[in-house]
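J.: What follows is my_file.pdb, PDB, C-alpha atoms.
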ATOM      1  CA  MET Z   3      13.750 176.505 -90.952
ATOM      2  CA  PRO Z   4      11.099 174.450 -92.670
ATOM      3  CA  THR Z   5      11.660 173.570 -96.290
ATOM      4  CA  ILE Z   6       9.071 172.711 -98.902
ATOM      5  CA  VAL Z   7      10.235 170.521-101.750
ATOM      6  CA  VAL Z   8       8.580 170.850-105.124
ATOM      7  CA  GLU Z   9       9.241 168.208-107.764
ATOM      8  CA  VAL Z  10       8.562 168.831-111.433
ATOM      9  CA  MET Z  11       8.748 166.321-114.293
ATOM     10  CA  PRO Z  12       8.324 166.688-118.045
ATOM     11  CA  LYS Z  13       4.889 165.411-119.062
ATOM     12  CA  ALA Z  14       4.996 161.661-119.645
ATOM     13  CA  GLU Z  15       3.522 161.886-123.139
ATOM     14  CA  LEU Z  16       5.994 164.518-124.346
ATOM     15  CA  LEU Z  17       9.592 164.114-125.478
ATOM     16  CA  ASP Z  18      12.307 164.355-122.838
ATOM     17  CA  PRO Z  19      15.482 164.879-124.918
ATOM     18  CA  GLN Z  20      17.572 165.388-121.766
ATOM     19  CA  GLY Z  21      16.480 162.038-120.379
ATOM     20  CA  LYS Z  22      17.179 160.412-123.739
ATOM     21  CA  ALA Z  23      20.726 161.820-123.728
ATOM     22  CA  VAL Z  24      21.371 160.453-120.226
ATOM     23  CA  ALA Z  25      19.942 157.060-121.182
ATOM     24  CA  GLY Z  26      22.248 157.030-124.221
ATOM     25  CA  ALA Z  27      25.264 157.728-122.033
ATOM     26  CA  LEU Z  28      24.293 154.936-119.610
ATOM     27  CA  GLU Z  29      24.063 152.530-122.506
ATOM     28  CA  ARG Z  30      27.483 153.616-123.776
ATOM     29  CA  ILE Z  31      29.130 152.857-120.421
ATOM     30  CA  GLY Z  32      27.605 149.399-120.499
ATOM     31  CA  THR Z  33      24.683 149.759-118.098
ATOM     32  CA  THR Z  34      22.105 147.121-118.934
ATOM     33  CA  ALA Z  35      19.717 147.410-116.000
ATOM     34  CA  VAL Z  36      18.298 150.822-116.930
ATOM     35  CA  ARG Z  37      15.661 150.883-119.627
ATOM     36  CA  ASP Z  38      14.705 154.563-119.618
ATOM     37  CA  VAL Z  39      15.611 157.851-117.955
ATOM     38  CA  ARG Z  40      13.500 160.944-117.426
ATOM     39  CA  VAL Z  41      15.031 164.106-115.992
ATOM     40  CA  GLY Z  42      13.014 166.436-113.802
ATOM     41  CA  LYS Z  43      13.637 169.229-111.345
ATOM     42  CA  ARG Z  44      13.607 169.538-107.574
ATOM     43  CA  PHE Z  45      13.079 172.923-105.927
ATOM     44  CA  GLU Z  46      13.765 173.496-102.233
ATOM     45  CA  LEU Z  47      11.811 176.458-100.896
ATOM     46  CA  THR Z  48      12.737 177.682 -97.436
ATOM     47  CA  VAL Z  49       9.884 179.374 -95.613
ATOM     48  CA  ASP Z  50       9.887 181.557 -92.531
ATOM     49  CA  GLY Z  51       6.956 180.415 -90.490
ATOM     50  CA  PRO Z  52       5.292 177.083 -89.873
ATOM     51  CA  VAL Z  53       4.035 175.220 -92.920
ATOM     52  CA  ASP Z  54       0.289 175.659 -92.676
ATOM     53  CA  ALA Z  55      -2.455 175.238 -95.246
ATOM     54  CA  ALA Z  56      -2.111 178.836 -96.456
ATOM     55  CA  VAL Z  57       1.628 178.457 -97.098
ATOM     56  CA  LEU Z  58       1.101 175.163 -98.904
ATOM     57  CA  GLU Z  59      -1.622 176.755-101.015
ATOM     58  CA  ASP Z  60       0.764 179.582-101.899
ATOM     59  CA  VAL Z  61       3.491 177.106-102.834
ATOM     60  CA  ARG Z  62       1.090 175.098-104.972
ATOM     61  CA  ARG Z  63       0.182 178.266-106.887
ATOM     62  CA  ILE Z  64       3.872 179.193-107.344
ATOM     63  CA  ALA Z  65       4.664 175.634-108.411
ATOM     64  CA  GLU Z  66       1.987 175.549-111.091
ATOM     65  CA  THR Z  67       2.532 179.050-112.446
ATOM     66  CA  VAL Z  68       6.273 179.624-112.151
ATOM     67  CA  LEU Z  69       8.303 176.565-111.150
ATOM     68  CA  ALA Z  70       6.560 174.394-113.739
ATOM     69  CA  ASN Z  71       5.111 175.259-117.101
ATOM     70  CA  THR Z  72       2.090 172.998-116.980
ATOM     71  CA  VAL Z  73       1.871 173.024-120.776
ATOM     72  CA  ILE Z  74       4.972 170.810-120.879
ATOM     73  CA  GLU Z  75       5.557 169.747-117.262
ATOM     74  CA  ASP Z  76       3.694 168.346-114.261
ATOM     75  CA  VAL Z  77       4.136 169.202-110.594
ATOM     76  CA  VAL Z  78       4.460 165.651-109.259
ATOM     77  CA  ALA Z  79       5.013 166.306-105.554
ATOM     78  CA  ILE Z  80       4.953 169.036-102.938
ATOM     79  CA  THR Z  81       6.306 167.904 -99.570
ATOM     80  CA  ALA Z  82       7.107 169.810 -96.397
ATOM     81  CA  GLU Z  83      10.297 168.879 -94.592
ATOM     82  CA  GLU Z  84      11.573 170.296 -91.290
ATOM     83  CA  SER Z  85      15.074 170.938 -92.557
ATOM     84  CA  ILE Z  86      17.135 169.375 -95.271
ATOM     85  CA  VAL Z  87      20.130 171.646 -95.053
ATOM     86  CA  PRO Z  88      23.124 169.373 -94.300
ATOM     87  CA  GLY Z  89      24.668 170.077 -90.929
ATOM     88  CA  GLU Z  90      21.882 172.351 -89.736
ATOM     89  CA  THR Z  91      20.917 171.640 -86.157
ATOM     90  CA  HIS Z  92      17.341 171.552 -85.041
TER      91      HIS Z  92
ATOM     92  CA  MET Y  26       6.580 204.232-137.081
ATOM     93  CA  ARG Y  27       8.407 203.401-133.814
ATOM     94  CA  ILE Y  28       9.150 199.767-132.992
ATOM     95  CA  GLY Y  29      10.368 198.843-129.521
ATOM     96  CA  VAL Y  30      12.984 196.133-129.019
ATOM     97  CA  VAL Y  31      13.166 194.774-125.481
ATOM     98  CA  THR Y  32      16.547 194.000-123.940
ATOM     99  CA  PHE Y  33      16.507 191.377-121.186
ATOM    100  CA  PRO Y  34      19.611 190.329-119.220
ATOM    101  CA  GLY Y  35      21.152 187.847-121.675
ATOM    102  CA  SER Y  36      19.470 189.120-124.841
ATOM    103  CA  LEU Y  37      21.958 189.054-127.704
ATOM    104  CA  ASP Y  38      20.102 189.836-130.909
ATOM    105  CA  ASP Y  39      18.507 193.060-129.691
ATOM    106  CA  ARG Y  40      20.896 195.243-131.689
ATOM    107  CA  ASP Y  41      20.360 193.100-134.800
ATOM    108  CA  ALA Y  42      16.606 193.465-134.388
ATOM    109  CA  GLN Y  43      16.977 197.239-134.042
ATOM    110  CA  ARG Y  44      19.041 197.273-137.221
ATOM    111  CA  ALA Y  45      16.411 195.234-139.069
ATOM    112  CA  VAL Y  46      13.750 197.707-137.937
ATOM    113  CA  ARG Y  47      15.856 200.604-139.234
ATOM    114  CA  LEU Y  48      16.541 198.888-142.589
ATOM    115  CA  ALA Y  49      12.813 198.272-142.993
ATOM    116  CA  GLY Y  50      12.201 201.993-142.616
ATOM    117  CA  ALA Y  51      10.976 202.291-139.029
ATOM    118  CA  GLU Y  52      12.546 203.861-135.970
ATOM    119  CA  PRO Y  53      13.874 201.367-133.391
ATOM    120  CA  VAL Y  54      13.304 202.195-129.723
ATOM    121  CA  ALA Y  55      15.321 200.366-127.068
ATOM    122  CA  LEU Y  56      13.079 199.056-124.268
ATOM    123  CA  TRP Y  57      14.412 197.799-120.929
ATOM    124  CA  HIS Y  58      13.132 194.661-119.172
ATOM    125  CA  GLY Y  59      13.026 196.352-115.775
ATOM    126  CA  ASP Y  60      10.794 199.228-116.911
ATOM    127  CA  HIS Y  61       7.043 199.467-117.036
ATOM    128  CA  ASP Y  62       7.310 201.953-119.903
ATOM    129  CA  LEU Y  63       6.754 201.042-123.563
ATOM    130  CA  HIS Y  64       7.589 204.638-124.630
ATOM    131  CA  GLY Y  65       4.464 204.718-126.772
ATOM    132  CA  VAL Y  66       5.838 202.366-129.441
ATOM    133  CA  ASP Y  67       3.592 201.104-132.250
ATOM    134  CA  ALA Y  68       4.957 197.542-132.205
ATOM    135  CA  ILE Y  69       7.278 195.418-130.046
ATOM    136  CA  VAL Y  70      10.023 192.898-130.823
ATOM    137  CA  LEU Y  71      11.265 190.402-128.221
ATOM    138  CA  PRO Y  72      14.695 189.457-129.554
ATOM    139  CA  GLY Y  73      16.755 186.286-129.471
ATOM    140  CA  GLY Y  74      19.365 185.377-126.906
ATOM    141  CA  PHE Y  75      19.587 183.551-123.620
ATOM    142  CA  SER Y  76      17.652 185.691-121.173
ATOM    143  CA  TYR Y  77      18.602 184.825-117.593
ATOM    144  CA  GLY Y  78      20.938 182.146-118.922
ATOM    145  CA  ASP Y  79      17.931 179.985-119.826
ATOM    146  CA  TYR Y  80      17.551 179.308-116.080
ATOM    147  CA  LEU Y  81      14.360 177.519-114.974
ATOM    148  CA  ARG Y  82      13.101 177.215-118.573
ATOM    149  CA  CYS Y  83      14.036 179.235-121.672
ATOM    150  CA  GLY Y  84      12.171 182.541-121.481
ATOM    151  CA  ALA Y  85      10.453 181.701-118.184
ATOM    152  CA  ILE Y  86      12.082 184.331-115.988
ATOM    153  CA  ALA Y  87      11.960 187.007-118.692
ATOM    154  CA  ALA Y  88       8.217 186.316-119.008
ATOM    155  CA  LEU Y  89       7.853 187.515-115.393
ATOM    156  CA  SER Y  90       9.789 190.769-115.932
ATOM    157  CA  PRO Y  91       8.131 194.182-115.388
ATOM    158  CA  ILE Y  92       8.106 195.089-119.094
ATOM    159  CA  MET Y  93       6.270 191.859-119.957
ATOM    160  CA  ARG Y  94       3.238 193.002-117.947
ATOM    161  CA  GLU Y  95       3.055 195.947-120.345
ATOM    162  CA  VAL Y  96       3.742 193.758-123.387
ATOM    163  CA  VAL Y  97       0.916 191.389-122.426
ATOM    164  CA  ASP Y  98      -1.442 194.367-121.962
ATOM    165  CA  ALA Y  99      -0.359 195.882-125.281
ATOM    166  CA  ALA Y 100      -0.840 192.544-127.062
ATOM    167  CA  GLY Y 101      -4.361 192.462-125.624
ATOM    168  CA  ARG Y 102      -5.024 195.879-127.172
ATOM    169  CA  GLY Y 103      -3.870 194.567-130.579
ATOM    170  CA  VAL Y 104      -0.366 196.072-130.628
ATOM    171  CA  PRO Y 105       1.834 193.921-132.919
ATOM    172  CA  VAL Y 106       4.316 191.787-130.952
ATOM    173  CA  LEU Y 107       7.016 189.636-132.554
ATOM    174  CA  GLY Y 108       9.080 187.087-130.623
ATOM    175  CA  ILE Y 109      12.195 185.732-132.288
ATOM    176  CA  CYS Y 110      13.870 182.583-130.892
ATOM    177  CA  ASN Y 111      14.242 183.379-127.162
ATOM    178  CA  GLY Y 112      11.518 185.973-127.750
ATOM    179  CA  PHE Y 113       9.241 183.175-129.020
ATOM    180  CA  GLN Y 114      10.071 181.213-125.859
ATOM    181  CA  VAL Y 115       9.150 184.284-123.779
ATOM    182  CA  LEU Y 116       5.804 184.613-125.618
ATOM    183  CA  VAL Y 117       5.030 180.949-124.981
ATOM    184  CA  GLU Y 118       5.987 181.255-121.307
ATOM    185  CA  ALA Y 119       3.806 184.377-121.037
ATOM    186  CA  HIS Y 120       0.934 182.331-122.547
ATOM    187  CA  LEU Y 121       0.547 184.770-125.435
ATOM    188  CA  LEU Y 122       1.119 181.806-127.748
ATOM    189  CA  PRO Y 123       0.149 178.152-127.209
ATOM    190  CA  GLY Y 124       2.363 175.102-126.657
ATOM    191  CA  GLY Y 125       5.918 174.900-125.386
ATOM    192  CA  LEU Y 126       9.517 174.809-126.620
ATOM    193  CA  ILE Y 127      11.913 172.149-125.389
ATOM    194  CA  ARG Y 128      15.466 170.958-126.025
ATOM    195  CA  ASN Y 129      16.087 169.896-129.627
ATOM    196  CA  ASP Y 130      15.238 166.192-130.031
ATOM    197  CA  HIS Y 131      18.776 165.359-131.214
ATOM    198  CA  GLY Y 132      20.258 167.114-128.168
ATOM    199  CA  ARG Y 133      22.565 169.422-130.113
ATOM    200  CA  PHE Y 134      22.633 173.129-130.835
ATOM    201  CA  VAL Y 135      21.788 173.745-134.479
ATOM    202  CA  CYS Y 136      22.903 176.669-136.658
ATOM    203  CA  ARG Y 137      21.939 176.679-140.335
ATOM    204  CA  ASP Y 138      20.281 178.625-143.103
ATOM    205  CA  GLN Y 139      16.756 177.259-142.898
ATOM    206  CA  ARG Y 140      14.131 177.087-145.608
ATOM    207  CA  LEU Y 141      10.617 177.892-144.388
ATOM    208  CA  ARG Y 142       7.158 178.102-145.872
ATOM    209  CA  VAL Y 143       4.989 181.085-144.961
ATOM    210  CA  GLU Y 144       1.672 179.501-144.008
ATOM    211  CA  SER Y 145      -0.243 182.541-142.822
ATOM    212  CA  THR Y 146      -0.075 186.034-144.307
ATOM    213  CA  GLY Y 147      -2.975 187.346-142.274
ATOM    214  CA  THR Y 148      -0.762 188.597-139.444
ATOM    215  CA  ALA Y 149       0.773 191.970-138.620
ATOM    216  CA  TRP Y 150       4.214 190.478-139.284
ATOM    217  CA  THR Y 151       3.672 188.451-142.470
ATOM    218  CA  SER Y 152       1.321 190.490-144.682
ATOM    219  CA  ALA Y 153       4.178 191.431-147.056
ATOM    220  CA  PHE Y 154       4.727 187.745-147.936
ATOM    221  CA  ARG Y 155       2.741 185.669-150.421
ATOM    222  CA  GLU Y 156       0.741 182.774-148.992
ATOM    223  CA  GLY Y 157       2.922 179.676-149.392
ATOM    224  CA  GLN Y 158       6.053 181.703-150.156
ATOM    225  CA  GLU Y 159       9.294 179.840-149.467
ATOM    226  CA  ILE Y 160      12.016 181.818-147.715
ATOM    227  CA  VAL Y 161      15.466 181.192-146.220
ATOM    228  CA  VAL Y 162      16.576 182.744-142.933
ATOM    229  CA  PRO Y 163      19.192 181.685-140.359
ATOM    230  CA  LEU Y 164      18.182 179.384-137.530
ATOM    231  CA  LYS Y 165      20.250 178.891-134.371
ATOM    232  CA  ASN Y 166      18.913 177.245-131.251
ATOM    233  CA  GLY Y 167      19.393 174.512-128.710
ATOM    234  CA  GLU Y 168      15.835 174.457-127.410
ATOM    235  CA  GLY Y 169      13.571 175.031-130.379
ATOM    236  CA  GLY Y 170      11.502 171.854-130.325
ATOM    237  CA  PHE Y 171       7.871 172.936-130.459
ATOM    238  CA  ILE Y 172       5.519 170.672-128.537
ATOM    239  CA  ALA Y 173       1.864 170.731-127.585
ATOM    240  CA  ASP Y 174      -0.694 168.115-126.638
ATOM    241  CA  ALA Y 175      -2.818 166.582-129.389
ATOM    242  CA  GLU Y 176      -5.817 168.763-128.640
ATOM    243  CA  THR Y 177      -3.782 172.001-128.754
ATOM    244  CA  LEU Y 178      -2.048 170.902-131.970
ATOM    245  CA  ALA Y 179      -5.395 170.184-133.604
ATOM    246  CA  ARG Y 180      -6.664 173.609-132.560
ATOM    247  CA  ILE Y 181      -3.513 175.388-133.810
ATOM    248  CA  GLU Y 182      -3.791 173.636-137.178
ATOM    249  CA  GLY Y 183      -7.555 173.974-137.406
ATOM    250  CA  GLU Y 184      -7.500 177.702-136.789
ATOM    251  CA  GLY Y 185      -4.582 178.362-139.123
ATOM    252  CA  GLN Y 186      -2.243 179.519-136.356
ATOM    253  CA  VAL Y 187       0.863 178.016-137.961
ATOM    254  CA  VAL Y 188       2.701 180.954-139.565
ATOM    255  CA  PHE Y 189       6.014 179.344-140.593
ATOM    256  CA  ARG Y 190       6.779 175.677-141.237
ATOM    257  CA  TYR Y 191      10.214 174.064-141.657
ATOM    258  CA  LEU Y 192      11.014 172.783-145.147
ATOM    259  CA  ASP Y 193      13.691 170.227-146.211
ATOM    260  CA  VAL Y 194      14.725 169.344-142.653
ATOM    261  CA  ASN Y 195      13.022 169.569-139.315
ATOM    262  CA  PRO Y 196      15.991 170.992-137.385
ATOM    263  CA  ASN Y 197      14.824 170.415-133.822
ATOM    264  CA  GLY Y 198      12.032 167.846-133.666
ATOM    265  CA  SER Y 199       9.209 170.398-133.693
ATOM    266  CA  LEU Y 200       5.817 168.714-133.990
ATOM    267  CA  HIS Y 201       4.168 169.221-137.399
ATOM    268  CA  ASP Y 202       7.388 170.991-138.532
ATOM    269  CA  ILE Y 203       6.120 174.122-136.766
ATOM    270  CA  ALA Y 204       8.659 176.977-136.898
ATOM    271  CA  GLY Y 205       6.361 179.856-135.982
ATOM    272  CA  LEU Y 206       2.913 180.585-134.601
ATOM    273  CA  ARG Y 207       0.398 183.404-134.335
ATOM    274  CA  ASN Y 208      -2.323 184.197-131.861
ATOM    275  CA  GLU Y 209      -5.920 184.107-133.072
ATOM    276  CA  ARG Y 210      -5.996 187.859-133.679
ATOM    277  CA  GLY Y 211      -2.756 187.784-135.690
ATOM    278  CA  ASN Y 212      -0.987 190.617-133.888
ATOM    279  CA  VAL Y 213       1.283 188.288-131.907
ATOM    280  CA  VAL Y 214       3.736 186.113-133.861
ATOM    281  CA  GLY Y 215       6.608 183.991-132.568
ATOM    282  CA  LEU Y 216       9.186 181.991-134.491
ATOM    283  CA  MET Y 217      12.439 180.164-133.767
ATOM    284  CA  PRO Y 218      14.339 181.194-136.956
ATOM    285  CA  HIS Y 219      15.889 184.665-137.193
ATOM    286  CA  PRO Y 220      14.435 186.982-139.861
ATOM    287  CA  GLU Y 221      16.511 189.870-138.429
ATOM    288  CA  HIS Y 222      19.660 188.098-139.651
ATOM    289  CA  ALA Y 223      18.471 188.170-143.286
ATOM    290  CA  VAL Y 224      17.822 191.845-143.945
ATOM    291  CA  GLU Y 225      20.903 193.231-145.679
ATOM    292  CA  PRO Y 226      22.863 191.959-148.713
ATOM    293  CA  GLY Y 227      26.302 190.776-147.632
ATOM    294  CA  PHE Y 228      25.128 189.639-144.206
ATOM    295  CA  GLY Y 229      22.307 187.187-144.921
ATOM    296  CA  PRO Y 230      22.088 183.539-145.989
ATOM    297  CA  ASP Y 231      23.591 182.412-149.303
ATOM    298  CA  THR Y 232      21.324 182.459-152.343
ATOM    299  CA  THR Y 233      21.816 181.068-155.842
ATOM    300  CA  ALA Y 234      22.522 184.658-156.959
ATOM    301  CA  ALA Y 235      25.370 185.418-154.555
ATOM    302  CA  MET Y 236      26.929 184.542-151.230
ATOM    303  CA  ARG Y 237      25.157 185.999-148.176
ATOM    304  CA  SER Y 238      22.765 187.963-150.330
ATOM    305  CA  GLY Y 239      19.537 186.647-148.777
ATOM    306  CA  THR Y 240      17.192 189.317-147.392
ATOM    307  CA  ASP Y 241      13.992 187.287-147.000
ATOM    308  CA  GLY Y 242      13.654 188.376-143.374
ATOM    309  CA  LEU Y 243      13.106 192.017-144.245
ATOM    310  CA  ALA Y 244       9.493 191.364-145.267
ATOM    311  CA  VAL Y 245       8.673 190.511-141.624
ATOM    312  CA  PHE Y 246       9.579 194.057-140.563
ATOM    313  CA  ARG Y 247       8.089 195.637-143.701
ATOM    314  CA  SER Y 248       4.825 193.811-142.957
ATOM    315  CA  VAL Y 249       4.371 195.577-139.636
ATOM    316  CA  LEU Y 250       5.019 198.948-141.300
ATOM    317  CA  GLU Y 251       2.362 198.214-143.936
ATOM    318  CA  HIS Y 252       0.062 197.002-141.189
ATOM    319  CA  ALA Y 253       0.511 200.291-139.299
ATOM    320  CA  LEU Y 254      -0.039 202.382-142.434
ATOM    321  CA  ALA Y 255      -3.184 200.423-143.290
ATOM    322  CA  ARG Y 256      -4.566 201.162-139.828
ATOM    323  CA  ALA Y 257      -3.613 204.852-139.890
TER     324      ALA Y 257
END
What is this structure when it is put down as structure tokens?

T.:
Amino acid sequence: MPTIVVEVMPKAELLDPQGKAVAGALERIGTTAVRDVRVGKRFELTVDGPVDAAVLEDVRRIAETVLANTVIEDVVAITAEESIVPGETH
Amino acid sequence: MRIGVVTFPGSLDDRDAQRAVRLAGAEPVALWHGDHDLHGVDAIVLPGGFSYGDYLRCGAIAALSPIMREVVDAAGRGVPVLGICNGFQVLVEAHLLPGGLIRNDHGRFVCRDQRLRVESTGTAWTSAFREGQEIVVPLKNGEGGFIADAETLARIEGEGQVVFRYLDVNPNGSLHDIAGLRNERGNVVGLMPHPEHAVEPGFGPDTTAAMRSGTDGLAVFRSVLEHALARA
């Protein structure tokens, strides 16, 4: 079944304490290559029918009203994938 | 006066809020998240806790519950609504109050008796305070950092929508030390600290007079009673 992936990130200009905590841990284990970490969310929405414009429009509305709080987060990507369930045959 | 206290899955201070309502002299009415019925209450409290395990974002799923449709409608009619801690997060997620609340900047849960300044007494929930009054009530949260973009912050400050401000320490990285907010009309107030935990001698924060004798939170619940009487 087709899957639509919605990715949400905290707004760039606002604090991301979770990302800061991860960055701190990376520094403590001696990682030097990573300068900064930001933590976001990935939602995988499985839909019944084909992914047409109406479905994508619906998902965009859900993404901006429920999956993300656009006061503090941005919806950074909405992508349709055929199937991303491991082991599922097409 | 009858004050409704909503219980969501994961609410944990609903009984404390009911007790505060009773001690202030009103009748608490238990409201259920899955209902569309406010039972004709005169005011509504959204209590603290971890509704839906803080899944998605704190307060986000509770903000979509059936009862919140009614709460949003009631708020629009001017019914007093108070959100405490998780209840504040629900109000923000329901867009009844501006800005957002995120994980504390230091990354740790904080639990302390917190000094606050009352910045706005023109609300249904703060009229029994003096403007500028300093109070102490418990604070306990992991995600109480208030944030908003510069434009929103300027509007909140410009229109006097800050109701409580942290004193001594900013416990969670909240911008402008904001601990609580009101809507423009003043019937909706949200705050991270817990006035319902400072309503009865023996169970409140310490004061210079005696251990656990602080009852500064009671005035929040008395305010809404006075507000109702003034309107009657």

J.: Got a sec to resolve the ChimeraX specification (/Y :<10) & /Z on this structure and send the residues as a ChimeraX atom specification?

T.: /Z:12-13,15-20,22-23,43,67-75

J.: Expanded to explicit residues, what is the PyMOL selection byres ((chain Z and resi 6-11) around 10) for this file, as number ranges by chain?

T.: Z: 3-5, 12-14, 18, 40-49, 53, 57-58, 61-62, 64-66, 69-72, 74-86

J.: Suppose you want the space between CA of Gly242 in chain Y and CA of Val31 in chain Y; what is it in Å?

T.: 19.0 Å

J.: CA of Arg40 in chain Y and CA of Asp67 in chain Y, how far apart in Å?

T.: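 Result for CA of Asp67 in chain Y versus CA of Arg40 in chain Y: 18.3 Å, one decimal.
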
J.: Let me have the centre and edge lengths in Å, one decimal, of the box along x, y and z around every listed atom of range 154-171 of chain Y with 8 Å of margin on each side, as lines of an AutoDock Vina configuration file.

T.:
center_x = 10.5
center_y = 179.8
center_z = -138.9
size_x = 35.5
size_y = 31.9
size_z = 39.0

J.: Just how far from CA of Ser199 in chain Y is CA of Thr232 in chain Y, in Å to one decimal?

T.: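 Here the two named atoms are 25.3 Å from each other.
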
J.: From the block I gave, I'd like range 68-75 of chain Z written with all heavy atoms, as a tab-separated table (two decimals), in the first residue's frame.

T.:
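Writing the result to part.tsv gives the following:
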chain	number	residue	atom	x	y	z
Z	68	VAL	N	-2.14	19.12	12.43
Z	68	VAL	CA	-2.07	18.12	13.50
Z	68	VAL	C	-0.63	17.63	13.71
Z	68	VAL	O	-0.09	17.71	14.81
Z	68	VAL	CB	-2.99	16.91	13.22
Z	68	VAL	CG1	-2.87	15.87	14.33
Z	68	VAL	CG2	-4.44	17.37	13.06
Z	69	LEU	N	-0.02	17.12	12.65
Z	69	LEU	CA	1.30	16.50	12.80
Z	69	LEU	C	2.35	17.51	13.23
Z	69	LEU	O	3.25	17.21	14.00
Z	69	LEU	CB	1.72	15.81	11.49
Z	69	LEU	CG	0.74	14.75	10.96
Z	69	LEU	CD1	1.31	14.08	9.73
Z	69	LEU	CD2	0.43	13.72	12.04
Z	70	ALA	N	2.22	18.75	12.75
Z	70	ALA	CA	3.13	19.81	13.16
Z	70	ALA	C	2.33	20.92	13.81
Z	70	ALA	O	1.18	21.16	13.45
Z	70	ALA	CB	3.89	20.36	11.96
Z	71	ASN	N	2.92	21.56	14.78
Z	71	ASN	CA	2.37	22.82	15.28
Z	71	ASN	C	3.20	23.91	14.63
Z	71	ASN	O	4.35	24.14	14.99
Z	71	ASN	CB	2.50	22.87	16.81
Z	71	ASN	CG	2.08	24.22	17.37
Z	71	ASN	OD1	1.77	25.14	16.62
Z	71	ASN	ND2	2.05	24.32	18.68
Z	72	THR	N	2.63	24.57	13.65
Z	72	THR	CA	3.42	25.49	12.83
Z	72	THR	C	3.83	26.76	13.57
Z	72	THR	O	4.54	27.58	13.02
Z	72	THR	CB	2.66	25.86	11.53
Z	72	THR	OG1	1.36	26.36	11.88
Z	72	THR	CG2	2.50	24.64	10.63
Z	73	VAL	N	3.40	26.87	14.84
Z	73	VAL	CA	3.92	27.96	15.67
Z	73	VAL	C	5.38	27.68	16.02
Z	73	VAL	O	6.20	28.59	16.11
Z	73	VAL	CB	3.08	28.12	16.95
Z	73	VAL	CG1	3.68	29.15	17.89
Z	73	VAL	CG2	1.64	28.48	16.61
Z	74	ILE	N	5.70	26.38	16.22
Z	74	ILE	CA	7.05	26.03	16.68
Z	74	ILE	C	7.78	25.07	15.73
Z	74	ILE	O	8.96	24.81	15.89
Z	74	ILE	CB	7.01	25.40	18.10
Z	74	ILE	CG1	6.06	24.19	18.15
Z	74	ILE	CG2	6.58	26.42	19.14
Z	74	ILE	CD1	6.04	23.46	19.49
Z	75	GLU	N	7.04	24.55	14.73
Z	75	GLU	CA	7.66	23.56	13.83
Z	75	GLU	C	7.32	23.88	12.37
Z	75	GLU	O	6.35	24.58	12.10
Z	75	GLU	CB	7.11	22.15	14.15
Z	75	GLU	CG	7.42	21.65	15.53
Z	75	GLU	CD	6.59	20.41	15.91
Z	75	GLU	OE1	5.38	20.39	15.63
Z	75	GLU	OE2	7.17	19.49	16.48
